[in-house]
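Raw coords13.cif, mmCIF, N, CA and C atoms:
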data_input
loop_
_atom_site.label_atom_id
_atom_site.label_comp_id
_atom_site.auth_asym_id
_atom_site.auth_seq_id
_atom_site.Cartn_x
_atom_site.Cartn_y
_atom_site.Cartn_z
N MET A 217 67.45 109.61 123.83
CA MET A 217 67.50 109.27 122.42
C MET A 217 66.85 107.91 122.23
N ASN A 218 65.99 107.80 121.24
CA ASN A 218 65.36 106.51 121.00
C ASN A 218 66.23 105.65 120.08
N GLU A 219 65.83 104.42 119.89
CA GLU A 219 66.63 103.47 119.10
C GLU A 219 66.80 103.92 117.65
N ARG A 220 65.76 104.49 117.06
CA ARG A 220 65.82 104.96 115.67
C ARG A 220 66.82 106.11 115.54
N THR A 221 66.79 107.03 116.50
CA THR A 221 67.71 108.17 116.47
C THR A 221 69.15 107.71 116.68
N GLU A 222 69.34 106.77 117.58
CA GLU A 222 70.69 106.24 117.81
C GLU A 222 71.23 105.58 116.55
N ALA A 223 70.39 104.82 115.86
CA ALA A 223 70.81 104.16 114.62
C ALA A 223 71.13 105.19 113.54
N ALA A 224 70.35 106.26 113.47
CA ALA A 224 70.60 107.30 112.48
C ALA A 224 71.91 108.02 112.77
N HIS A 225 72.20 108.29 114.03
CA HIS A 225 73.47 108.93 114.38
C HIS A 225 74.65 108.00 114.09
N ALA A 226 74.50 106.72 114.36
CA ALA A 226 75.56 105.76 114.04
C ALA A 226 75.78 105.70 112.53
N ASP A 227 74.69 105.75 111.76
CA ASP A 227 74.81 105.75 110.30
C ASP A 227 75.50 107.01 109.80
N LEU A 228 75.22 108.14 110.43
CA LEU A 228 75.89 109.39 110.07
C LEU A 228 77.40 109.28 110.31
N LEU A 229 77.77 108.75 111.46
CA LEU A 229 79.20 108.57 111.74
C LEU A 229 79.84 107.62 110.73
N ASP A 230 79.14 106.55 110.38
CA ASP A 230 79.66 105.63 109.36
C ASP A 230 79.86 106.33 108.03
N ALA A 231 78.92 107.18 107.64
CA ALA A 231 79.02 107.91 106.37
C ALA A 231 80.22 108.86 106.38
N ILE A 232 80.46 109.50 107.51
CA ILE A 232 81.61 110.40 107.62
C ILE A 232 82.91 109.62 107.49
N VAL A 233 83.00 108.51 108.18
CA VAL A 233 84.21 107.68 108.10
C VAL A 233 84.42 107.18 106.68
N GLU A 234 83.36 106.71 106.03
CA GLU A 234 83.47 106.23 104.65
C GLU A 234 83.94 107.34 103.71
N ALA A 235 83.46 108.54 103.91
CA ALA A 235 83.83 109.66 103.05
C ALA A 235 85.30 110.04 103.20
N LEU A 236 85.81 109.96 104.42
CA LEU A 236 87.17 110.42 104.70
C LEU A 236 88.21 109.30 104.67
N ASN A 237 87.77 108.08 104.58
CA ASN A 237 88.68 106.94 104.55
C ASN A 237 89.02 106.61 103.10
N VAL A 238 89.87 107.42 102.51
CA VAL A 238 90.25 107.21 101.11
C VAL A 238 91.54 106.39 101.06
N PRO A 239 91.66 105.53 100.05
CA PRO A 239 92.85 104.68 99.97
C PRO A 239 94.11 105.50 99.66
N LEU A 240 95.22 105.01 100.13
CA LEU A 240 96.49 105.69 99.90
C LEU A 240 96.84 105.68 98.41
N PRO A 241 97.48 106.76 97.94
CA PRO A 241 97.87 106.83 96.54
C PRO A 241 99.20 106.13 96.29
N SER A 242 99.49 105.92 95.02
CA SER A 242 100.82 105.42 94.67
C SER A 242 101.83 106.50 95.05
N ILE A 243 103.10 106.20 94.93
CA ILE A 243 104.12 107.18 95.32
C ILE A 243 104.39 108.23 94.25
N ALA A 244 103.67 108.16 93.14
CA ALA A 244 103.83 109.17 92.09
C ALA A 244 103.32 110.52 92.60
N ASP A 245 104.04 111.58 92.28
CA ASP A 245 103.65 112.92 92.74
C ASP A 245 102.24 113.30 92.31
N ALA A 246 101.89 113.00 91.08
CA ALA A 246 100.55 113.35 90.58
C ALA A 246 99.46 112.64 91.38
N ASP A 247 99.68 111.37 91.69
CA ASP A 247 98.69 110.63 92.48
C ASP A 247 98.58 111.17 93.89
N GLU A 248 99.70 111.57 94.48
CA GLU A 248 99.65 112.15 95.82
C GLU A 248 98.88 113.48 95.82
N ARG A 249 99.08 114.28 94.80
CA ARG A 249 98.32 115.55 94.70
C ARG A 249 96.83 115.27 94.57
N LEU A 250 96.47 114.30 93.72
CA LEU A 250 95.06 113.95 93.56
C LEU A 250 94.46 113.44 94.86
N TYR A 251 95.23 112.66 95.60
CA TYR A 251 94.79 112.13 96.89
C TYR A 251 94.46 113.27 97.86
N TYR A 252 95.40 114.22 98.00
CA TYR A 252 95.19 115.32 98.95
C TYR A 252 94.03 116.22 98.51
N ARG A 253 93.88 116.42 97.22
CA ARG A 253 92.75 117.23 96.74
C ARG A 253 91.43 116.53 97.01
N LEU A 254 91.38 115.24 96.76
CA LEU A 254 90.16 114.47 97.03
C LEU A 254 89.81 114.51 98.51
N LEU A 255 90.80 114.29 99.35
CA LEU A 255 90.57 114.32 100.79
C LEU A 255 90.07 115.69 101.24
N ALA A 256 90.65 116.75 100.70
CA ALA A 256 90.22 118.11 101.05
C ALA A 256 88.79 118.37 100.58
N ARG A 257 88.46 117.95 99.36
CA ARG A 257 87.10 118.15 98.85
C ARG A 257 86.08 117.39 99.67
N ARG A 258 86.41 116.15 100.01
CA ARG A 258 85.46 115.36 100.81
C ARG A 258 85.30 115.92 102.22
N ALA A 259 86.39 116.37 102.81
CA ALA A 259 86.29 116.97 104.15
C ALA A 259 85.42 118.23 104.10
N LEU A 260 85.61 119.03 103.07
CA LEU A 260 84.79 120.23 102.91
C LEU A 260 83.32 119.86 102.72
N ALA A 261 83.05 118.85 101.91
CA ALA A 261 81.67 118.42 101.68
C ALA A 261 81.03 117.95 102.99
N VAL A 262 81.77 117.20 103.79
CA VAL A 262 81.24 116.74 105.08
C VAL A 262 80.93 117.93 105.98
N ARG A 263 81.86 118.88 106.04
CA ARG A 263 81.63 120.07 106.88
C ARG A 263 80.39 120.83 106.44
N ILE A 264 80.22 121.01 105.14
CA ILE A 264 79.06 121.75 104.62
C ILE A 264 77.76 121.02 104.93
N VAL A 265 77.75 119.71 104.71
CA VAL A 265 76.53 118.93 104.98
C VAL A 265 76.16 119.00 106.45
N ILE A 266 77.14 118.82 107.33
CA ILE A 266 76.87 118.84 108.77
C ILE A 266 76.39 120.23 109.21
N ALA A 267 77.06 121.28 108.74
CA ALA A 267 76.66 122.64 109.11
C ALA A 267 75.25 122.95 108.61
N THR A 268 74.96 122.57 107.39
CA THR A 268 73.63 122.81 106.82
C THR A 268 72.58 122.01 107.56
N ASN A 269 72.90 120.77 107.86
CA ASN A 269 71.96 119.91 108.57
C ASN A 269 71.62 120.46 109.95
N ARG A 270 72.61 121.02 110.62
CA ARG A 270 72.36 121.59 111.96
C ARG A 270 71.37 122.74 111.89
N VAL A 271 71.41 123.51 110.81
CA VAL A 271 70.56 124.69 110.69
C VAL A 271 69.19 124.34 110.12
N VAL A 272 69.15 123.43 109.16
CA VAL A 272 67.92 123.19 108.41
C VAL A 272 67.05 122.09 109.00
N SER A 273 67.56 120.88 109.14
CA SER A 273 66.67 119.79 109.52
C SER A 273 67.02 119.08 110.82
N ARG A 274 68.30 119.04 111.16
CA ARG A 274 68.78 118.32 112.34
C ARG A 274 68.45 116.83 112.27
N ASP A 275 68.28 116.30 111.06
CA ASP A 275 67.99 114.88 110.86
C ASP A 275 69.29 114.18 110.45
N PRO A 276 69.83 113.33 111.31
CA PRO A 276 71.11 112.69 111.00
C PRO A 276 71.03 111.77 109.78
N GLN A 277 69.89 111.18 109.52
CA GLN A 277 69.77 110.30 108.36
C GLN A 277 69.85 111.08 107.06
N LEU A 278 69.26 112.26 107.01
CA LEU A 278 69.38 113.11 105.82
C LEU A 278 70.83 113.50 105.58
N ALA A 279 71.54 113.82 106.65
CA ALA A 279 72.95 114.19 106.52
C ALA A 279 73.77 113.00 106.03
N ALA A 280 73.52 111.82 106.57
CA ALA A 280 74.25 110.62 106.13
C ALA A 280 74.01 110.36 104.65
N ASP A 281 72.77 110.46 104.23
CA ASP A 281 72.45 110.25 102.82
C ASP A 281 73.13 111.29 101.93
N ALA A 282 73.14 112.53 102.35
CA ALA A 282 73.77 113.60 101.57
C ALA A 282 75.28 113.38 101.46
N ILE A 283 75.90 112.96 102.55
CA ILE A 283 77.34 112.69 102.53
C ILE A 283 77.64 111.54 101.57
N ARG A 284 76.83 110.52 101.59
CA ARG A 284 77.05 109.39 100.68
C ARG A 284 76.88 109.80 99.21
N VAL A 285 75.94 110.65 98.94
CA VAL A 285 75.76 111.15 97.56
C VAL A 285 76.99 111.93 97.14
N GLN A 286 77.46 112.83 98.00
CA GLN A 286 78.65 113.63 97.70
C GLN A 286 79.87 112.73 97.47
N THR A 287 80.02 111.71 98.29
CA THR A 287 81.15 110.78 98.17
C THR A 287 81.08 110.03 96.84
N ALA A 288 79.90 109.59 96.47
CA ALA A 288 79.74 108.87 95.21
C ALA A 288 80.04 109.76 94.00
N GLU A 289 79.77 111.05 94.13
CA GLU A 289 80.01 111.99 93.03
C GLU A 289 81.48 112.41 92.93
N ASP A 290 82.30 112.03 93.90
CA ASP A 290 83.71 112.42 93.91
C ASP A 290 84.57 111.17 94.17
N PRO A 291 84.63 110.26 93.18
CA PRO A 291 85.33 108.98 93.40
C PRO A 291 86.85 109.10 93.35
N VAL A 292 87.50 108.05 93.76
CA VAL A 292 88.96 107.95 93.67
C VAL A 292 89.34 107.80 92.20
N THR A 293 90.26 108.65 91.74
CA THR A 293 90.66 108.62 90.33
C THR A 293 92.17 108.45 90.17
N TYR A 294 92.88 108.19 91.23
CA TYR A 294 94.32 108.06 91.18
C TYR A 294 94.72 106.59 91.35
N ALA A 295 95.97 106.29 90.97
CA ALA A 295 96.50 104.94 91.16
C ALA A 295 96.73 104.69 92.65
N LEU A 296 96.42 103.49 93.09
CA LEU A 296 96.53 103.16 94.50
C LEU A 296 97.92 102.65 94.86
N PHE A 297 98.25 102.81 96.12
CA PHE A 297 99.51 102.32 96.66
C PHE A 297 99.51 100.80 96.65
N LYS A 298 100.62 100.22 96.25
CA LYS A 298 100.76 98.77 96.27
C LYS A 298 101.99 98.43 97.11
N ALA A 299 101.77 97.71 98.18
CA ALA A 299 102.87 97.32 99.07
C ALA A 299 103.68 96.21 98.40
N ALA A 300 104.95 96.17 98.73
CA ALA A 300 105.82 95.13 98.20
C ALA A 300 105.38 93.78 98.78
N LYS A 301 105.42 92.77 97.95
CA LYS A 301 105.03 91.43 98.40
C LYS A 301 106.20 90.72 99.06
N ASP A 302 105.92 89.91 100.03
CA ASP A 302 106.93 89.09 100.70
C ASP A 302 108.09 89.91 101.28
N GLY A 303 107.81 91.14 101.67
CA GLY A 303 108.84 91.94 102.29
C GLY A 303 109.95 92.36 101.35
N GLY A 304 109.68 92.29 100.03
CA GLY A 304 110.69 92.68 99.05
C GLY A 304 110.92 94.18 99.03
N GLU A 305 111.80 94.60 98.17
CA GLU A 305 112.08 96.02 98.07
C GLU A 305 110.94 96.77 97.41
N TRP A 306 110.85 98.06 97.71
CA TRP A 306 109.81 98.92 97.15
C TRP A 306 110.15 99.20 95.74
#
Mind converting the file's structure to structure tokens?
Amino acid sequence: MNERTEAAHADLLDAIVEALNVPLPSIADADERLYYRLLARRALAVRIVIATNRVVSRDPQLAADAIRVQTAEDPVTYALFKAAKDGGEW
């Protein structure tokens, strides 16, 4: 593998991590449902992009770019978890 290919594969892995690393939701039931749905949609999008890329182009940079586009089109829309400050009660 040459340096360009190694960098492209590293970028693909970074894109996958970014897509699946969604922030925790608040403890509200609705936010938790939205969180799990978002995570499932993003995981499915990553699987589709990787499977398609293996068959069509085998270019890791194209896959990374496609994953980032999909992630941008499916943003976080739920309230985020907020930890208690100074070890106070939840």
Answer as an NGL selection string, residues within 12 Å of (79.0, 120.0, 109.4) using only C-alpha atoms: :A and (228-229 or 232 or 258-272 or 274 or 276 or 279-280 or 282-283)
Listed atoms of range 260-275 of chain A boxed axis-aligned with 6 Å per side, centre + edges as lines of an AutoDock Vina configuration file:
center_x = 76.1
center_y = 119.4
center_z = 107.0
size_x = 30.9
size_y = 22.5
size_z = 22.7
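With only C-alpha atoms as the atoms that count, the residue of A:Tyr294, A:Asp281, A:Asp275, A:Thr287 with the shortest distance to Ala246 in chain A is A:Tyr294.
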Picked residues, the PyMOL selection byres (((chain A and resi 253 and name CA) around 12) and name CA), as JSON, numbers by chain: {"A": [236, 238, 241, 246, 247, 248, 249, 250, 251, 252, 254, 255, 256, 257, 258, 259, 260, 290, 291, 292, 293, 294]}
Dump of N, CA and C atoms for the selected residues, as an mmCIF file, in the coordinates of the input:
data_model
loop_
_atom_site.group_PDB
_atom_site.id
_atom_site.type_symbol
_atom_site.label_atom_id
_atom_site.label_comp_id
_atom_site.auth_asym_id
_atom_site.auth_seq_id
_atom_site.Cartn_x
_atom_site.Cartn_y
_atom_site.Cartn_z
ATOM 1 N N LEU A 236 85.810 109.960 104.420
ATOM 2 C CA LEU A 236 87.170 110.420 104.700
ATOM 3 C C LEU A 236 88.210 109.300 104.670
ATOM 4 N N VAL A 238 89.870 107.420 102.510
ATOM 5 C CA VAL A 238 90.250 107.210 101.110
ATOM 6 C C VAL A 238 91.540 106.390 101.060
ATOM 7 N N PRO A 241 97.480 106.760 97.940
ATOM 8 C CA PRO A 241 97.870 106.830 96.540
ATOM 9 C C PRO A 241 99.200 106.130 96.290
ATOM 10 N N ALA A 246 101.890 113.000 91.080
ATOM 11 C CA ALA A 246 100.550 113.350 90.580
ATOM 12 C C ALA A 246 99.460 112.640 91.380
ATOM 13 N N ASP A 247 99.680 111.370 91.690
ATOM 14 C CA ASP A 247 98.690 110.630 92.480
ATOM 15 C C ASP A 247 98.580 111.170 93.890
ATOM 16 N N GLU A 248 99.700 111.570 94.480
ATOM 17 C CA GLU A 248 99.650 112.150 95.820
ATOM 18 C C GLU A 248 98.880 113.480 95.820
ATOM 19 N N ARG A 249 99.080 114.280 94.800
ATOM 20 C CA ARG A 249 98.320 115.550 94.700
ATOM 21 C C ARG A 249 96.830 115.270 94.570
ATOM 22 N N LEU A 250 96.470 114.300 93.720
ATOM 23 C CA LEU A 250 95.060 113.950 93.560
ATOM 24 C C LEU A 250 94.460 113.440 94.860
ATOM 25 N N TYR A 251 95.230 112.660 95.600
ATOM 26 C CA TYR A 251 94.790 112.130 96.890
ATOM 27 C C TYR A 251 94.460 113.270 97.860
ATOM 28 N N TYR A 252 95.400 114.220 98.000
ATOM 29 C CA TYR A 252 95.190 115.320 98.950
ATOM 30 C C TYR A 252 94.030 116.220 98.510
ATOM 31 N N LEU A 254 91.380 115.240 96.760
ATOM 32 C CA LEU A 254 90.160 114.470 97.030
ATOM 33 C C LEU A 254 89.810 114.510 98.510
ATOM 34 N N LEU A 255 90.800 114.290 99.350
ATOM 35 C CA LEU A 255 90.570 114.320 100.790
ATOM 36 C C LEU A 255 90.070 115.690 101.240
ATOM 37 N N ALA A 256 90.650 116.750 100.700
ATOM 38 C CA ALA A 256 90.220 118.110 101.050
ATOM 39 C C ALA A 256 88.790 118.370 100.580
ATOM 40 N N ARG A 257 88.460 117.950 99.360
ATOM 41 C CA ARG A 257 87.100 118.150 98.850
ATOM 42 C C ARG A 257 86.080 117.390 99.670
ATOM 43 N N ARG A 258 86.410 116.150 100.010
ATOM 44 C CA ARG A 258 85.460 115.360 100.810
ATOM 45 C C ARG A 258 85.300 115.920 102.220
ATOM 46 N N ALA A 259 86.390 116.370 102.810
ATOM 47 C CA ALA A 259 86.290 116.970 104.150
ATOM 48 C C ALA A 259 85.420 118.230 104.100
ATOM 49 N N LEU A 260 85.610 119.030 103.070
ATOM 50 C CA LEU A 260 84.790 120.230 102.910
ATOM 51 C C LEU A 260 83.320 119.860 102.720
ATOM 52 N N ASP A 290 82.300 112.030 93.900
ATOM 53 C CA ASP A 290 83.710 112.420 93.910
ATOM 54 C C ASP A 290 84.570 111.170 94.170
ATOM 55 N N PRO A 291 84.630 110.260 93.180
ATOM 56 C CA PRO A 291 85.330 108.980 93.400
ATOM 57 C C PRO A 291 86.850 109.100 93.350
ATOM 58 N N VAL A 292 87.500 108.050 93.760
ATOM 59 C CA VAL A 292 88.960 107.950 93.670
ATOM 60 C C VAL A 292 89.340 107.800 92.200
ATOM 61 N N THR A 293 90.260 108.650 91.740
ATOM 62 C CA THR A 293 90.660 108.620 90.330
ATOM 63 C C THR A 293 92.170 108.450 90.170
ATOM 64 N N TYR A 294 92.880 108.190 91.230
ATOM 65 C CA TYR A 294 94.320 108.060 91.180
ATOM 66 C C TYR A 294 94.720 106.590 91.350
#
Explicit residue set for the PyMOL selection byres (((chain A and resi 297 and name CA) around 7) and name CA), as number ranges by chain: A: 240-243, 295-296, 298-299
All helix (DSSP H, G or I) positions in range 229-294 of chain A, as a PyMOL selection string: chain A and resi 229-236+245-272+276-288
Save the residues we just selected, N, CA and C atoms, as a short mmCIF file (atom, residue, chain, number, x, y, z; two decimals), in the frame of the given file?
data_model
loop_
_atom_site.label_atom_id
_atom_site.label_comp_id
_atom_site.auth_asym_id
_atom_site.auth_seq_id
_atom_site.Cartn_x
_atom_site.Cartn_y
_atom_site.Cartn_z
N LEU A 229 77.77 108.75 111.46
CA LEU A 229 79.20 108.57 111.74
C LEU A 229 79.84 107.62 110.73
N ASP A 230 79.14 106.55 110.38
CA ASP A 230 79.66 105.63 109.36
C ASP A 230 79.86 106.33 108.03
N ALA A 231 78.92 107.18 107.64
CA ALA A 231 79.02 107.91 106.37
C ALA A 231 80.22 108.86 106.38
N ILE A 232 80.46 109.50 107.51
CA ILE A 232 81.61 110.40 107.62
C ILE A 232 82.91 109.62 107.49
N VAL A 233 83.00 108.51 108.18
CA VAL A 233 84.21 107.68 108.10
C VAL A 233 84.42 107.18 106.68
N GLU A 234 83.36 106.71 106.03
CA GLU A 234 83.47 106.23 104.65
C GLU A 234 83.94 107.34 103.71
N ALA A 235 83.46 108.54 103.91
CA ALA A 235 83.83 109.66 103.05
C ALA A 235 85.30 110.04 103.20
N LEU A 236 85.81 109.96 104.42
CA LEU A 236 87.17 110.42 104.70
C LEU A 236 88.21 109.30 104.67
N ASP A 245 104.04 111.58 92.28
CA ASP A 245 103.65 112.92 92.74
C ASP A 245 102.24 113.30 92.31
N ALA A 246 101.89 113.00 91.08
CA ALA A 246 100.55 113.35 90.58
C ALA A 246 99.46 112.64 91.38
N ASP A 247 99.68 111.37 91.69
CA ASP A 247 98.69 110.63 92.48
C ASP A 247 98.58 111.17 93.89
N GLU A 248 99.70 111.57 94.48
CA GLU A 248 99.65 112.15 95.82
C GLU A 248 98.88 113.48 95.82
N ARG A 249 99.08 114.28 94.80
CA ARG A 249 98.32 115.55 94.70
C ARG A 249 96.83 115.27 94.57
N LEU A 250 96.47 114.30 93.72
CA LEU A 250 95.06 113.95 93.56
C LEU A 250 94.46 113.44 94.86
N TYR A 251 95.23 112.66 95.60
CA TYR A 251 94.79 112.13 96.89
C TYR A 251 94.46 113.27 97.86
N TYR A 252 95.40 114.22 98.00
CA TYR A 252 95.19 115.32 98.95
C TYR A 252 94.03 116.22 98.51
N ARG A 253 93.88 116.42 97.22
CA ARG A 253 92.75 117.23 96.74
C ARG A 253 91.43 116.53 97.01
N LEU A 254 91.38 115.24 96.76
CA LEU A 254 90.16 114.47 97.03
C LEU A 254 89.81 114.51 98.51
N LEU A 255 90.80 114.29 99.35
CA LEU A 255 90.57 114.32 100.79
C LEU A 255 90.07 115.69 101.24
N ALA A 256 90.65 116.75 100.70
CA ALA A 256 90.22 118.11 101.05
C ALA A 256 88.79 118.37 100.58
N ARG A 257 88.46 117.95 99.36
CA ARG A 257 87.10 118.15 98.85
C ARG A 257 86.08 117.39 99.67
N ARG A 258 86.41 116.15 100.01
CA ARG A 258 85.46 115.36 100.81
C ARG A 258 85.30 115.92 102.22
N ALA A 259 86.39 116.37 102.81
CA ALA A 259 86.29 116.97 104.15
C ALA A 259 85.42 118.23 104.10
N LEU A 260 85.61 119.03 103.07
CA LEU A 260 84.79 120.23 102.91
C LEU A 260 83.32 119.86 102.72
N ALA A 261 83.05 118.85 101.91
CA ALA A 261 81.67 118.42 101.68
C ALA A 261 81.03 117.95 102.99
N VAL A 262 81.77 117.20 103.79
CA VAL A 262 81.24 116.74 105.08
C VAL A 262 80.93 117.93 105.98
N ARG A 263 81.86 118.88 106.04
CA ARG A 263 81.63 120.07 106.88
C ARG A 263 80.39 120.83 106.44
N ILE A 264 80.22 121.01 105.14
CA ILE A 264 79.06 121.75 104.62
C ILE A 264 77.76 121.02 104.93
N VAL A 265 77.75 119.71 104.71
CA VAL A 265 76.53 118.93 104.98
C VAL A 265 76.16 119.00 106.45
N ILE A 266 77.14 118.82 107.33
CA ILE A 266 76.87 118.84 108.77
C ILE A 266 76.39 120.23 109.21
N ALA A 267 77.06 121.28 108.74
CA ALA A 267 76.66 122.64 109.11
C ALA A 267 75.25 122.95 108.61
N THR A 268 74.96 122.57 107.39
CA THR A 268 73.63 122.81 106.82
C THR A 268 72.58 122.01 107.56
N ASN A 269 72.90 120.77 107.86
CA ASN A 269 71.96 119.91 108.57
C ASN A 269 71.62 120.46 109.95
N ARG A 270 72.61 121.02 110.62
CA ARG A 270 72.36 121.59 111.96
C ARG A 270 71.37 122.74 111.89
N VAL A 271 71.41 123.51 110.81
CA VAL A 271 70.56 124.69 110.69
C VAL A 271 69.19 124.34 110.12
N VAL A 272 69.15 123.43 109.16
CA VAL A 272 67.92 123.19 108.41
C VAL A 272 67.05 122.09 109.00
N PRO A 276 69.83 113.33 111.31
CA PRO A 276 71.11 112.69 111.00
C PRO A 276 71.03 111.77 109.78
N GLN A 277 69.89 111.18 109.52
CA GLN A 277 69.77 110.30 108.36
C GLN A 277 69.85 111.08 107.06
N LEU A 278 69.26 112.26 107.01
CA LEU A 278 69.38 113.11 105.82
C LEU A 278 70.83 113.50 105.58
N ALA A 279 71.54 113.82 106.65
CA ALA A 279 72.95 114.19 106.52
C ALA A 279 73.77 113.00 106.03
N ALA A 280 73.52 111.82 106.57
CA ALA A 280 74.25 110.62 106.13
C ALA A 280 74.01 110.36 104.65
N ASP A 281 72.77 110.46 104.23
CA ASP A 281 72.45 110.25 102.82
C ASP A 281 73.13 111.29 101.93
N ALA A 282 73.14 112.53 102.35
CA ALA A 282 73.77 113.60 101.57
C ALA A 282 75.28 113.38 101.46
N ILE A 283 75.90 112.96 102.55
CA ILE A 283 77.34 112.69 102.53
C ILE A 283 77.64 111.54 101.57
N ARG A 284 76.83 110.52 101.59
CA ARG A 284 77.05 109.39 100.68
C ARG A 284 76.88 109.80 99.21
N VAL A 285 75.94 110.65 98.94
CA VAL A 285 75.76 111.15 97.56
C VAL A 285 76.99 111.93 97.14
N GLN A 286 77.46 112.83 98.00
CA GLN A 286 78.65 113.63 97.70
C GLN A 286 79.87 112.73 97.47
N THR A 287 80.02 111.71 98.29
CA THR A 287 81.15 110.78 98.17
C THR A 287 81.08 110.03 96.84
N ALA A 288 79.90 109.59 96.47
CA ALA A 288 79.74 108.87 95.21
C ALA A 288 80.04 109.76 94.00
#
Where atoms are missing, can you supply all heavy atoms for range 235-241 of chain A and output the lot as an mmCIF file, keeping the file's coordinate frame?
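Final file, rebuild.cif:
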data_model
loop_
_atom_site.group_PDB
_atom_site.id
_atom_site.type_symbol
_atom_site.label_atom_id
_atom_site.label_comp_id
_atom_site.auth_asym_id
_atom_site.auth_seq_id
_atom_site.Cartn_x
_atom_site.Cartn_y
_atom_site.Cartn_z
ATOM 1 N N ALA A 235 83.460 108.540 103.910
ATOM 2 C CA ALA A 235 83.830 109.660 103.050
ATOM 3 C C ALA A 235 85.300 110.040 103.200
ATOM 4 O O ALA A 235 85.975 110.379 102.227
ATOM 5 C CB ALA A 235 82.949 110.875 103.341
ATOM 6 N N LEU A 236 85.810 109.960 104.420
ATOM 7 C CA LEU A 236 87.170 110.420 104.700
ATOM 8 C C LEU A 236 88.210 109.300 104.670
ATOM 9 O O LEU A 236 89.408 109.579 104.719
ATOM 10 C CB LEU A 236 87.211 111.143 106.045
ATOM 11 C CG LEU A 236 86.292 112.362 106.149
ATOM 12 C CD1 LEU A 236 86.384 112.969 107.534
ATOM 13 C CD2 LEU A 236 86.602 113.379 105.069
ATOM 14 N N ASN A 237 87.770 108.080 104.580
ATOM 15 C CA ASN A 237 88.680 106.940 104.550
ATOM 16 C C ASN A 237 89.020 106.610 103.100
ATOM 17 O O ASN A 237 88.523 105.653 102.529
ATOM 18 C CB ASN A 237 88.061 105.738 105.250
ATOM 19 C CG ASN A 237 89.032 104.606 105.413
ATOM 20 O OD1 ASN A 237 90.248 104.804 105.370
ATOM 21 N ND2 ASN A 237 88.513 103.406 105.590
ATOM 22 N N VAL A 238 89.870 107.420 102.510
ATOM 23 C CA VAL A 238 90.250 107.210 101.110
ATOM 24 C C VAL A 238 91.540 106.390 101.060
ATOM 25 O O VAL A 238 92.406 106.527 101.913
ATOM 26 C CB VAL A 238 90.416 108.553 100.352
ATOM 27 C CG1 VAL A 238 89.086 109.265 100.255
ATOM 28 C CG2 VAL A 238 91.428 109.453 101.011
ATOM 29 N N PRO A 239 91.660 105.530 100.050
ATOM 30 C CA PRO A 239 92.850 104.680 99.970
ATOM 31 C C PRO A 239 94.110 105.500 99.660
ATOM 32 O O PRO A 239 94.035 106.550 99.015
ATOM 33 C CB PRO A 239 92.531 103.717 98.835
ATOM 34 C CG PRO A 239 91.436 104.351 98.058
ATOM 35 C CD PRO A 239 90.698 105.254 98.989
ATOM 36 N N LEU A 240 95.220 105.010 100.130
ATOM 37 C CA LEU A 240 96.490 105.690 99.900
ATOM 38 C C LEU A 240 96.840 105.680 98.410
ATOM 39 O O LEU A 240 96.572 104.706 97.709
ATOM 40 C CB LEU A 240 97.606 105.014 100.690
ATOM 41 C CG LEU A 240 97.524 105.144 102.203
ATOM 42 C CD1 LEU A 240 98.612 104.308 102.862
ATOM 43 C CD2 LEU A 240 97.630 106.593 102.622
ATOM 44 N N PRO A 241 97.480 106.760 97.940
ATOM 45 C CA PRO A 241 97.870 106.830 96.540
ATOM 46 C C PRO A 241 99.200 106.130 96.290
ATOM 47 O O PRO A 241 99.940 105.834 97.232
ATOM 48 C CB PRO A 241 98.016 108.341 96.315
ATOM 49 C CG PRO A 241 98.535 108.830 97.627
ATOM 50 C CD PRO A 241 97.807 107.999 98.655
#
